[in-house]
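File shown here: final-v6.csv, holding CSV, C-alpha atoms.
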chain,number,residue,atom,x,y,z
L,1,MET,CA,54.5,97.5,87.2
L,2,SER,CA,57.3,96.8,84.7
L,3,ASN,CA,58.8,100.3,85.4
L,4,CYS,CA,59.1,99.4,89.1
L,5,VAL,CA,60.8,96.2,88.3
L,6,GLU,CA,63.2,98.0,85.9
L,7,ASP,CA,63.9,100.7,88.6
L,8,ASP,CA,64.6,98.0,91.2
L,9,THR,CA,67.0,96.2,88.8
L,10,GLU,CA,68.9,99.4,88.0
L,11,ALA,CA,69.1,100.2,91.7
L,12,ILE,CA,70.5,96.8,92.6
L,13,ALA,CA,73.0,97.0,89.8
L,14,ASP,CA,74.1,100.4,91.0
L,15,CYS,CA,74.4,99.1,94.5
L,16,CYS,CA,76.5,96.2,93.3
L,17,HIS,CA,78.9,98.5,91.5
L,18,VAL,CA,79.3,100.6,94.6
L,19,VAL,CA,80.0,97.6,96.8
L,20,ASP,CA,82.5,96.1,94.3
L,21,ASP,CA,84.3,99.5,94.2
L,22,LEU,CA,84.3,99.6,98.0
L,23,ILE,CA,85.7,96.1,98.3
L,24,LYS,CA,88.5,96.9,95.8
L,25,LYS,CA,89.5,99.9,98.0
L,26,LEU,CA,89.4,97.8,101.2
L,27,GLN,CA,91.5,95.0,99.8
L,28,PRO,CA,95.3,95.4,100.0
L,29,HIS,CA,97.4,96.2,97.0
L,30,PRO,CA,99.4,93.3,95.5
L,31,ARG,CA,102.6,94.9,96.9
L,32,ALA,CA,101.1,94.7,100.4
L,33,GLU,CA,100.3,91.0,99.8
L,34,ALA,CA,103.9,90.4,98.7
L,35,HIS,CA,105.2,92.2,101.8
L,36,ARG,CA,103.1,90.2,104.1
L,37,TYR,CA,104.4,87.0,102.5
L,38,GLU,CA,107.9,88.2,103.0
L,39,VAL,CA,107.1,89.0,106.7
L,40,PHE,CA,105.8,85.4,107.0
L,41,GLN,CA,109.0,84.0,105.6
L,42,PHE,CA,111.0,86.1,108.0
L,43,VAL,CA,109.0,84.9,110.9
L,44,LYS,CA,109.1,81.3,109.7
L,45,ASN,CA,112.9,81.5,109.6
L,46,ILE,CA,112.9,82.8,113.2
L,47,ILE,CA,110.7,80.0,114.3
L,48,GLU,CA,112.8,77.3,112.6
L,49,ASN,CA,116.0,78.6,114.2
L,50,ALA,CA,114.2,78.7,117.5
L,51,VAL,CA,113.2,75.1,117.2
L,52,GLN,CA,116.7,74.2,116.2
L,53,LEU,CA,118.0,75.9,119.3
L,54,SER,CA,115.4,74.3,121.5
L,55,ASN,CA,116.1,70.8,120.2
L,56,GLY,CA,119.9,71.3,120.2
L,57,LYS,CA,120.3,70.1,116.6
L,58,SER,CA,123.1,71.3,114.4
L,59,ASP,CA,121.5,70.7,111.0
L,60,LEU,CA,118.6,73.1,110.2
L,61,ASN,CA,117.4,70.8,107.4
L,62,ASP,CA,116.6,68.2,110.1
L,63,VAL,CA,114.6,70.8,112.0
L,64,ARG,CA,112.6,71.7,108.9
L,65,SER,CA,111.5,68.1,108.5
L,66,GLU,CA,110.1,68.1,112.0
L,67,VAL,CA,108.3,71.4,112.2
L,68,HIS,CA,105.6,72.8,109.9
L,69,VAL,CA,105.1,76.6,110.0
L,70,CYS,CA,101.9,78.0,108.4
L,71,ARG,CA,99.6,80.9,108.3
L,72,PHE,CA,95.9,80.9,109.3
L,73,GLY,CA,93.2,83.4,109.8
L,74,SER,CA,92.2,86.2,107.5
L,75,VAL,CA,95.5,86.5,105.6
L,76,PRO,CA,95.5,83.1,103.8
L,77,PHE,CA,91.7,83.4,103.5
L,78,LYS,CA,92.1,86.7,101.7
L,79,THR,CA,89.6,88.6,103.8
L,80,TYR,CA,92.0,90.8,105.9
L,81,LEU,CA,91.8,94.6,106.0
L,82,PRO,CA,94.9,96.7,105.4
L,83,HIS,CA,95.5,97.0,109.2
L,84,GLY,CA,94.9,93.3,109.9
L,85,ASP,CA,97.4,91.1,111.7
L,86,LEU,CA,99.2,88.0,110.5
L,87,ASP,CA,98.5,84.8,112.4
L,88,VAL,CA,101.3,82.2,112.3
L,89,THR,CA,101.5,78.8,114.0
L,90,ALA,CA,104.1,76.1,114.1
L,91,PHE,CA,103.4,72.4,114.6
L,92,ALA,CA,106.2,70.8,116.5
L,93,ALA,CA,106.7,68.2,119.2
L,94,ASP,CA,106.5,70.8,121.9
L,95,ASP,CA,106.3,74.6,122.4
L,96,ARG,CA,109.6,75.2,124.1
L,97,TRP,CA,110.8,77.0,121.0
L,98,MET,CA,108.4,79.9,121.7
L,99,GLN,CA,110.7,81.5,124.4
L,100,HIS,CA,113.7,81.2,122.0
L,101,ALA,CA,111.6,82.8,119.2
L,102,LYS,CA,110.7,85.7,121.5
L,103,GLU,CA,114.3,86.3,122.4
L,104,LYS,CA,115.4,86.2,118.8
L,105,LEU,CA,112.8,88.7,117.8
L,106,LEU,CA,113.9,91.0,120.7
L,107,LEU,CA,117.5,90.8,119.4
L,108,SER,CA,116.6,91.0,115.7
L,109,THR,CA,118.8,93.5,113.8
L,110,GLU,CA,117.4,93.0,110.3
L,111,GLY,CA,117.3,95.9,107.8
L,112,PRO,CA,114.6,98.6,107.6
L,113,ARG,CA,112.2,96.3,105.7
L,114,PHE,CA,111.9,93.9,108.6
L,115,VAL,CA,112.2,96.2,111.7
L,116,VAL,CA,110.9,94.3,114.7
L,117,ARG,CA,109.0,96.3,117.4
L,118,ASN,CA,106.7,95.8,120.4
L,119,VAL,CA,107.7,92.2,121.2
L,120,THR,CA,105.5,90.7,124.0
L,121,SER,CA,104.1,87.4,124.9
L,122,VAL,CA,101.0,86.0,126.7
L,123,PRO,CA,101.9,85.0,129.4
L,124,PRO,CA,105.0,87.1,129.9
L,125,ASP,CA,107.1,84.2,131.0
L,126,LEU,CA,106.6,81.4,128.4
L,127,GLU,CA,109.0,79.0,130.1
L,128,THR,CA,107.2,78.7,133.5
L,129,ALA,CA,103.7,78.8,132.1
L,130,VAL,CA,101.6,75.7,132.7
L,131,ALA,CA,100.8,73.5,129.7
L,132,GLU,CA,97.1,74.4,129.6
L,133,VAL,CA,97.8,78.1,129.1
L,134,VAL,CA,97.5,79.3,125.5
L,135,LYS,CA,100.8,80.9,124.6
L,136,VAL,CA,101.2,83.7,122.0
L,137,VAL,CA,104.2,85.8,121.0
L,138,LYS,CA,103.1,89.2,119.7
L,139,CYS,CA,105.2,91.6,117.7
L,140,GLU,CA,105.3,94.0,114.8
L,141,VAL,CA,107.5,93.1,111.8
L,142,GLY,CA,107.9,95.5,109.0
L,143,GLY,CA,104.8,97.4,110.0
L,144,VAL,CA,102.7,94.2,110.2
L,145,MET,CA,101.3,93.0,113.5
L,146,VAL,CA,102.1,89.3,114.0
L,147,ASP,CA,100.7,86.7,116.4
L,148,ILE,CA,102.8,83.5,116.8
L,149,SER,CA,101.3,80.4,118.4
L,150,ALA,CA,102.1,76.7,118.7
L,151,ASN,CA,100.0,73.8,117.3
L,152,ALA,CA,96.9,76.0,116.6
L,153,LEU,CA,94.9,73.2,115.1
L,154,GLY,CA,91.6,75.0,115.8
L,155,GLY,CA,92.7,78.0,113.6
L,156,ILE,CA,93.6,75.7,110.7
L,157,CYS,CA,90.3,73.9,111.0
L,158,THR,CA,88.4,77.2,111.0
L,159,LEU,CA,90.3,78.3,107.9
L,160,SER,CA,89.4,75.0,106.2
L,161,LEU,CA,85.7,75.3,107.2
L,162,LEU,CA,85.5,78.9,105.8
L,163,GLU,CA,87.2,77.9,102.5
L,164,LYS,CA,84.6,75.1,102.1
L,165,VAL,CA,81.8,77.6,102.8
L,166,ASP,CA,83.1,80.0,100.2
L,167,ARG,CA,83.3,77.2,97.6
L,168,LEU,CA,79.8,76.2,98.5
L,169,VAL,CA,78.4,79.7,98.1
L,170,ASN,CA,80.5,80.4,95.0
L,171,GLN,CA,79.2,83.4,93.0
L,172,ASP,CA,82.5,85.0,92.6
L,173,HIS,CA,83.6,84.5,96.2
L,174,LEU,CA,80.4,86.2,97.6
L,175,PHE,CA,81.1,84.8,101.1
L,176,LYS,CA,84.6,86.3,101.2
L,177,ARG,CA,83.5,89.6,99.8
L,178,SER,CA,80.6,89.9,102.2
L,179,LEU,CA,83.0,89.0,105.1
L,180,VAL,CA,85.3,91.9,104.1
L,181,LEU,CA,82.3,94.3,104.2
L,182,VAL,CA,81.2,93.0,107.6
L,183,LYS,CA,84.7,93.3,109.1
L,184,ALA,CA,85.2,96.8,107.7
L,185,TRP,CA,81.9,97.9,109.2
L,186,CYS,CA,82.9,96.3,112.6
L,187,TYR,CA,86.3,98.0,112.5
L,188,PHE,CA,85.1,101.5,111.6
L,189,GLU,CA,82.0,101.3,113.8
L,190,SER,CA,84.3,100.6,116.7
L,191,HIS,CA,86.1,103.9,116.1
L,192,VAL,CA,82.8,105.7,115.9
L,193,LEU,CA,81.9,104.2,119.3
L,194,SER,CA,85.4,105.0,120.6
L,195,SER,CA,86.2,101.3,121.1
L,196,GLN,CA,90.0,101.2,121.6
L,197,TYR,CA,92.0,98.9,119.3
L,198,GLY,CA,88.8,97.7,117.5
L,199,LEU,CA,87.6,95.6,120.4
L,200,PHE,CA,84.1,95.9,118.8
L,201,THR,CA,85.5,93.7,116.0
L,202,ARG,CA,86.7,91.1,118.4
L,203,ARG,CA,83.5,90.9,120.3
L,204,PHE,CA,81.5,90.8,117.0
L,205,ASP,CA,82.2,87.3,115.5
L,206,ALA,CA,82.1,88.3,111.8
L,207,ASN,CA,82.8,84.8,110.6
L,208,GLY,CA,80.0,83.3,112.6
L,209,VAL,CA,77.6,86.1,111.5
L,210,LYS,CA,78.2,85.4,107.8
L,211,ILE,CA,77.8,81.7,108.2
L,212,LYS,CA,74.5,82.3,110.0
L,213,LEU,CA,73.3,84.6,107.2
L,214,VAL,CA,74.2,81.9,104.6
L,215,ASN,CA,72.3,79.3,106.6
L,216,ALA,CA,69.3,81.6,106.8
So that I can check it, write out the structure of this file as structure tokens.
Amino acid sequence: MSNCVEDDTEAIADCCHVVDDLIKKLQPHPRAEAHRYEVFQFVKNIIENAVQLSNGKSDLNDVRSEVHVCRFGSVPFKTYLPHGDLDVTAFAADDRWMQHAKEKLLLSTEGPRFVVRNVTSVPPDLETAVAEVVKVVKCEVGGVMVDISANALGGICTLSLLEKVDRLVNQDHLFKRSLVLVKAWCYFESHVLSSQYGLFTRRFDANGVKIKLVNA
């Protein structure tokens, strides 16, 4: 009986080593982390200038005191995969700045490190969209897909909830590491099933699944 227990213990230890090694390979290199932060700063500057243009103010410092630009989603939560996008939101008095931000991105002529491509928005015309419509500016900056939104309080609340769950679970960020594995499985499974653009991942609410497992 003791031999069986020892065999099980060794098998679990071997499995943990394999999982840890897999997670290390999935997580981005520190250089990639630094690049994403630089992309965020670039987008933040675009947004602040767009808000300045929208409000008609001459002093950018006044604008910075009225708008708060932040990240949410998997990037600040440290659970994004190498191909993951960057979610950015800005809290301001209104969202009129979004059309200006889109136009600035379309006209951007930054160096090769911040090449801007594939600038689109949902809906296509941000100025005439009704207030109830969720507006998003999508683009690629320096090889990183970026989603820009306005006043995304729900995304910030979700990030706060997941951070609290991770602290509650503890055990060397077991929750975050498990989430990375679930997301990786969803992404690569979607390719096996020929699901274009990883739609399987979007349909499969990884965050909800992990919280459900913890509650169980």
Please report, as lines of an AutoDock Vina configuration file, the centre and edge lengths in Å to one decimal of an axis-aligned box covering all listed atoms of region 84-90 of chain L with 4 Å per side.
center_x = 99.5
center_y = 84.7
center_z = 112.0
size_x = 17.2
size_y = 25.2
size_z = 12.2
| said: Counting only C-alpha atoms, which residue out of L:Gln171, L:Thr158, L:Gln99, L:Asn118 sits closest to Ser54 (chain L)? | reply: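 With only C-alpha atoms as the atom set, the closest residue is L:Gln99.
Take the candidates L:Ala184, L:Val130, L:Leu53, L:Val119 and check each one against Pro82 (chain L) using only C-alpha atoms; the shortest distance goes to L:Ala184.
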| field | Atom pair CA of Val63 (chain L) / CA of Ala50 (chain L): separation (Å) | value | 9.6 Å
| Of the residues L:Leu60, L:Leu153, L:Val116, L:Met98, which is the one nearest to Ala129 (chain L), using all atoms listed in the file? |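 When distances to Ala129 (chain L) are compared using all atoms listed in the file, the smallest one comes from L:Met98.
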| At what distance in Å, to one decimal, does CA of Gly143 (chain L) lie from CA of Phe40 (chain L)? |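 Taking CA of Phe40 (chain L) as the start and CA of Gly143 (chain L) as the end point, the length is 12.4 Å.
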| request: Measure the distance from CA of Asp85 (chain L) to CA of Val39 (chain L) in Å and round it to one decimal. | output: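 Answer for the CA of Asp85 (chain L) to CA of Val39 (chain L) separation: 11.1 Å.
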| request: Compute the distance from (107.0, 72.5, 114.4) to each atom, counting all atoms listed in the file, keep the residues with any atom at most 6 Å away, and return them as a list in words; use the coordinates of the file. | output: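 Protein and nucleic acid residues near the point are Glu66, Val67, His68, Ala90, Phe91 and Ala92 of chain L.
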| request: Name the closest residue to Arg36 (chain L) among the candidates L:His17, L:Lys135, L:His100, L:Arg113; distances are taken between atoms, counting all atoms listed in the file. | output: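 Using all atoms listed in the file, the shortest distance to Arg36 (chain L) belongs to L:Arg113.
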| request: Could you give me, as a PyMOL selection string, the residues within 7 Å of Ile148 (chain L), counting all atoms listed in the file and dropping anything in the same chain fewer than 3 positions from it? | output: chain L and resi 87-89+136-138
How about saving the chosen residues, C-alpha atoms kept, as a compact mmCIF listing (two decimals), keeping the file's coordinate frame?
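The resulting file, again-v5.txt, is reproduced below:
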# COMPACT_ATOMS: atom_id res chain seq x y z
CA ASP L 87 98.50 84.80 112.40
CA VAL L 88 101.30 82.20 112.30
CA THR L 89 101.50 78.80 114.00
CA VAL L 136 101.20 83.70 122.00
CA VAL L 137 104.20 85.80 121.00
CA LYS L 138 103.10 89.20 119.70
| request: Using only C-alpha atoms, find the one residue out of L:Cys157, L:Ser149, L:Val18, L:Tyr37 that sits nearest to Arg96 (chain L). | output: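 Nearest to Arg96 (chain L): L:Ser149.
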| Among the residues L:Glu48, L:Lys102, L:Thr79, L:Met145, the one that comes closest to Pro124 (chain L) [using all atoms listed in the file] |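 Among the listed residues, the smallest separation from Pro124 (chain L) belongs to L:Lys102.
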| message | Which residues are near Val115 (chain L)? Cut-off 12 Å, all atoms listed in the file, ignore same chain within fewer than 2 positions. Put them as a ChimeraX atom specification. | response | /L:39,42-43,105-113,117-119,139-145
Which neighbours of Pro28 (chain L) fall inside 9 Å, counting only C-alpha atoms, when residues of the same chain fewer than 4 positions from it are skipped, and could you give them as a compact mmCIF listing (two decimals) with C-alpha atoms, in the coordinates of the input?
# COMPACT_ATOMS: atom_id res chain seq x y z
CA LYS L 24 88.50 96.90 95.80
CA ALA L 32 101.10 94.70 100.40
CA GLU L 33 100.30 91.00 99.80
CA TYR L 80 92.00 90.80 105.90
CA LEU L 81 91.80 94.60 106.00
CA PRO L 82 94.90 96.70 105.40
| field | Residue contacts of Ile156 (chain L) (8 Å, all atoms listed in the file) excluding same-chain residues fewer than 4 positions away, as a PyMOL selection string | value | chain L and resi 72-73+152+160
